[in-house]
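Participant: Please find one structure pasted underneath; my questions will follow.
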Amino acid sequence: MAIPAFEGRQELVDRLDHAVGLESVQDVTRSVKETLAEMIGDRRLLLPAELTRPDDAGYARRLLYHSEEHGYVVVAMIWGPSQGTALHDHDGVWC
């Protein structure tokens, strides 16, 4: 499946690539948090409707980016009304 282009994608990728190259876990997580908060907060990151539509069968996961070079993925998680997930652990995976 091809990943659709969206407004802010290249800036997001550039900033995440920079973040994952930082030395400490604390610096990486701080930088990722700041990037997402800033880009979503001022609407520089705008996803097309097909990436934000819920799925009637359950929550939807939409791949936004996969960096083979740095080994991370960015996904949008979309829940419709009355949908949810059980309490769970990601067992060492950053989410």
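FYI, nothing fancy with the structure tokens labels: chains A, B, ... in order, residues from 1 per chain, ligands from 1 as they appear.
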As a VMD selection string, please: the residues near stretch 3-7 of chain A (cut-off 8 Å, only C-alpha atoms, same-chain neighbours under 2 positions excluded).
Facilitator: chain A and resid 1 9 44 to 48 63 to 65
Participant: I need the residues from that last selection saved to file as an mmCIF file, in the first residue's frame (with N, CA, C and O atoms), if you can.
Facilitator:
data_model
loop_
_atom_site.group_PDB
_atom_site.id
_atom_site.type_symbol
_atom_site.label_atom_id
_atom_site.label_comp_id
_atom_site.auth_asym_id
_atom_site.auth_seq_id
_atom_site.Cartn_x
_atom_site.Cartn_y
_atom_site.Cartn_z
ATOM 1 N N MET A 1 0.843 -1.184 0.000
ATOM 2 C CA MET A 1 0.000 0.000 0.000
ATOM 3 C C MET A 1 0.884 1.241 0.000
ATOM 4 O O MET A 1 1.771 1.376 0.823
ATOM 5 N N ARG A 9 4.359 16.448 5.997
ATOM 6 C CA ARG A 9 5.050 15.158 6.072
ATOM 7 C C ARG A 9 6.575 15.306 6.077
ATOM 8 O O ARG A 9 7.242 14.717 6.919
ATOM 9 N N ARG A 44 0.414 22.484 11.207
ATOM 10 C CA ARG A 44 1.343 22.276 10.089
ATOM 11 C C ARG A 44 1.256 20.840 9.602
ATOM 12 O O ARG A 44 1.667 20.532 8.502
ATOM 13 N N LEU A 45 0.734 19.964 10.438
ATOM 14 C CA LEU A 45 0.580 18.559 10.092
ATOM 15 C C LEU A 45 -0.900 18.300 9.853
ATOM 16 O O LEU A 45 -1.706 18.328 10.781
ATOM 17 N N LEU A 46 -1.272 18.094 8.592
ATOM 18 C CA LEU A 46 -2.680 17.889 8.244
ATOM 19 C C LEU A 46 -2.814 16.586 7.462
ATOM 20 O O LEU A 46 -2.295 16.454 6.349
ATOM 21 N N LEU A 47 -3.512 15.650 8.040
ATOM 22 C CA LEU A 47 -3.693 14.350 7.400
ATOM 23 C C LEU A 47 -4.921 14.370 6.504
ATOM 24 O O LEU A 47 -5.951 14.938 6.855
ATOM 25 N N PRO A 48 -4.833 13.713 5.343
ATOM 26 C CA PRO A 48 -6.013 13.625 4.476
ATOM 27 C C PRO A 48 -7.091 12.754 5.120
ATOM 28 O O PRO A 48 -6.799 11.894 5.964
ATOM 29 N N LEU A 63 -0.614 3.668 8.465
ATOM 30 C CA LEU A 63 0.817 3.933 8.344
ATOM 31 C C LEU A 63 1.029 5.294 7.696
ATOM 32 O O LEU A 63 0.534 5.560 6.605
ATOM 33 N N LEU A 64 1.775 6.162 8.381
ATOM 34 C CA LEU A 64 2.077 7.487 7.850
ATOM 35 C C LEU A 64 3.492 7.564 7.304
ATOM 36 O O LEU A 64 3.763 8.319 6.381
ATOM 37 N N TYR A 65 4.404 6.784 7.889
ATOM 38 C CA TYR A 65 5.789 6.823 7.436
ATOM 39 C C TYR A 65 6.543 5.631 8.007
ATOM 40 O O TYR A 65 6.288 5.202 9.130
#
Participant: Identify, on the basis of only C-alpha atoms, every residue whose closest approach to A:Leu36 does not exceed 9 Å; exclude the query and any residue fewer than 4 positions from it along the same chain; express the result as a ChimeraX atom specification.
Facilitator: /A:12,31-32,40-41,45
Participant: Using DSSP secondary structure from the backbone, list all strand (DSSP E or B) positions within chain A, as a list in words.
Facilitator: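 Taking chain A and keeping strand (DSSP E or B) gives Glu7, Leu46, Asp55, Gly58, Ala60, Arg61, Arg62, Leu63, Leu64, Tyr65, His66, Ser67, Tyr72, Val73, Val74, Val75, Ala76, Met77 and Ile78 of chain A.
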Participant: If you run DSSP on the backbone here, which positions in stretch 19-89 of chain A get helix (DSSP H, G or I)? Please write them as a PyMOL selection string.
Facilitator: chain A and resi 19-20+25-41+49-51
Participant: Please, could you write that set of residues out with N, CA and C atoms as an mmCIF file, in the first residue's frame?
Facilitator:
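New file part-v8.cif:
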data_model
loop_
_atom_site.group_PDB
_atom_site.id
_atom_site.type_symbol
_atom_site.label_atom_id
_atom_site.label_comp_id
_atom_site.auth_asym_id
_atom_site.auth_seq_id
_atom_site.Cartn_x
_atom_site.Cartn_y
_atom_site.Cartn_z
ATOM 1 N N ALA A 19 15.507 13.712 15.761
ATOM 2 C CA ALA A 19 15.245 13.278 17.137
ATOM 3 C C ALA A 19 15.852 11.914 17.431
ATOM 4 N N VAL A 20 15.681 10.958 16.519
ATOM 5 C CA VAL A 20 16.184 9.609 16.802
ATOM 6 C C VAL A 20 17.704 9.546 16.771
ATOM 7 N N VAL A 25 17.986 8.798 25.668
ATOM 8 C CA VAL A 25 16.572 8.448 25.542
ATOM 9 C C VAL A 25 15.711 9.648 25.916
ATOM 10 N N GLN A 26 16.108 10.363 26.961
ATOM 11 C CA GLN A 26 15.341 11.527 27.397
ATOM 12 C C GLN A 26 15.306 12.597 26.301
ATOM 13 N N ASP A 27 16.437 12.825 25.620
ATOM 14 C CA ASP A 27 16.463 13.818 24.549
ATOM 15 C C ASP A 27 15.615 13.384 23.353
ATOM 16 N N VAL A 28 15.663 12.104 23.039
ATOM 17 C CA VAL A 28 14.857 11.587 21.920
ATOM 18 C C VAL A 28 13.370 11.780 22.225
ATOM 19 N N THR A 29 12.939 11.325 23.393
ATOM 20 C CA THR A 29 11.510 11.409 23.718
ATOM 21 C C THR A 29 11.050 12.857 23.835
ATOM 22 N N ARG A 30 11.868 13.736 24.409
ATOM 23 C CA ARG A 30 11.517 15.152 24.508
ATOM 24 C C ARG A 30 11.346 15.753 23.121
ATOM 25 N N SER A 31 12.278 15.454 22.231
ATOM 26 C CA SER A 31 12.236 16.015 20.887
ATOM 27 C C SER A 31 11.026 15.503 20.097
ATOM 28 N N VAL A 32 10.718 14.216 20.208
ATOM 29 C CA VAL A 32 9.543 13.658 19.525
ATOM 30 C C VAL A 32 8.271 14.305 20.071
ATOM 31 N N LYS A 33 8.176 14.414 21.389
ATOM 32 C CA LYS A 33 6.996 15.036 22.006
ATOM 33 C C LYS A 33 6.833 16.477 21.530
ATOM 34 N N GLU A 34 7.913 17.254 21.553
ATOM 35 C CA GLU A 34 7.849 18.648 21.123
ATOM 36 C C GLU A 34 7.460 18.754 19.650
ATOM 37 N N THR A 35 8.032 17.897 18.829
ATOM 38 C CA THR A 35 7.712 17.907 17.403
ATOM 39 C C THR A 35 6.231 17.678 17.173
ATOM 40 N N LEU A 36 5.678 16.631 17.776
ATOM 41 C CA LEU A 36 4.261 16.318 17.580
ATOM 42 C C LEU A 36 3.362 17.415 18.133
ATOM 43 N N ALA A 37 3.671 17.910 19.334
ATOM 44 C CA ALA A 37 2.839 18.953 19.947
ATOM 45 C C ALA A 37 2.840 20.225 19.093
ATOM 46 N N GLU A 38 4.010 20.625 18.620
ATOM 47 C CA GLU A 38 4.091 21.838 17.806
ATOM 48 C C GLU A 38 3.385 21.677 16.467
ATOM 49 N N MET A 39 3.655 20.572 15.791
ATOM 50 C CA MET A 39 3.111 20.411 14.447
ATOM 51 C C MET A 39 1.601 20.183 14.447
ATOM 52 N N ILE A 40 1.104 19.457 15.420
ATOM 53 C CA ILE A 40 -0.345 19.251 15.511
ATOM 54 C C ILE A 40 -1.012 20.509 16.036
ATOM 55 N N GLY A 41 -0.362 21.150 17.011
ATOM 56 C CA GLY A 41 -0.933 22.335 17.650
ATOM 57 C C GLY A 41 -1.117 23.508 16.716
ATOM 58 N N ALA A 49 -8.318 12.979 4.714
ATOM 59 C CA ALA A 49 -9.473 12.295 5.316
ATOM 60 C C ALA A 49 -9.328 10.776 5.305
ATOM 61 N N GLU A 50 -8.741 10.213 4.241
ATOM 62 C CA GLU A 50 -8.651 8.746 4.186
ATOM 63 C C GLU A 50 -7.752 8.166 5.278
ATOM 64 N N LEU A 51 -6.912 9.000 5.873
ATOM 65 C CA LEU A 51 -6.046 8.525 6.957
ATOM 66 C C LEU A 51 -6.658 8.730 8.334
#
Participant: Just checking: using only C-alpha atoms, which residue out of A:Val93, A:Leu87, A:Ala57, A:Val73 ends up closest to A:Asp17?
Facilitator: A:Val73
Participant: Quote the spacing between atom CA of A:His70 and atom CA of A:Glu11 in Å to one decimal place.
Facilitator: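 So the two atoms, atom CA of A:His70 and atom CA of A:Glu11, lie 15.9 Å apart.
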Participant: Grab the atom CA of A:Thr85 to atom CA of A:Tyr59 distance for me, in Å with one decimal place.
Facilitator: 8.0 Å
Participant: What's the 9 Å shell around A:Arg62, counting only C-alpha atoms, without same-chain residues fewer than 3 positions away, as a VMD selection string?
Facilitator: chain A and resid 3 51 to 52 74 to 78
Participant: Could you check which of A:Pro81, A:Gly8, A:Gly92, A:Gly21 is closest to A:Arg43, using only C-alpha atoms?
Facilitator: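 Answer, going by the shortest atom-to-atom distance: A:Gly8.
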Participant: Please report the interatomic distance between atom CA of A:Val13 and atom CA of A:Gly80 in Å with one decimal.
Facilitator: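 Atom CA of A:Gly80 lies at a distance of 27.0 Å from atom CA of A:Val13.
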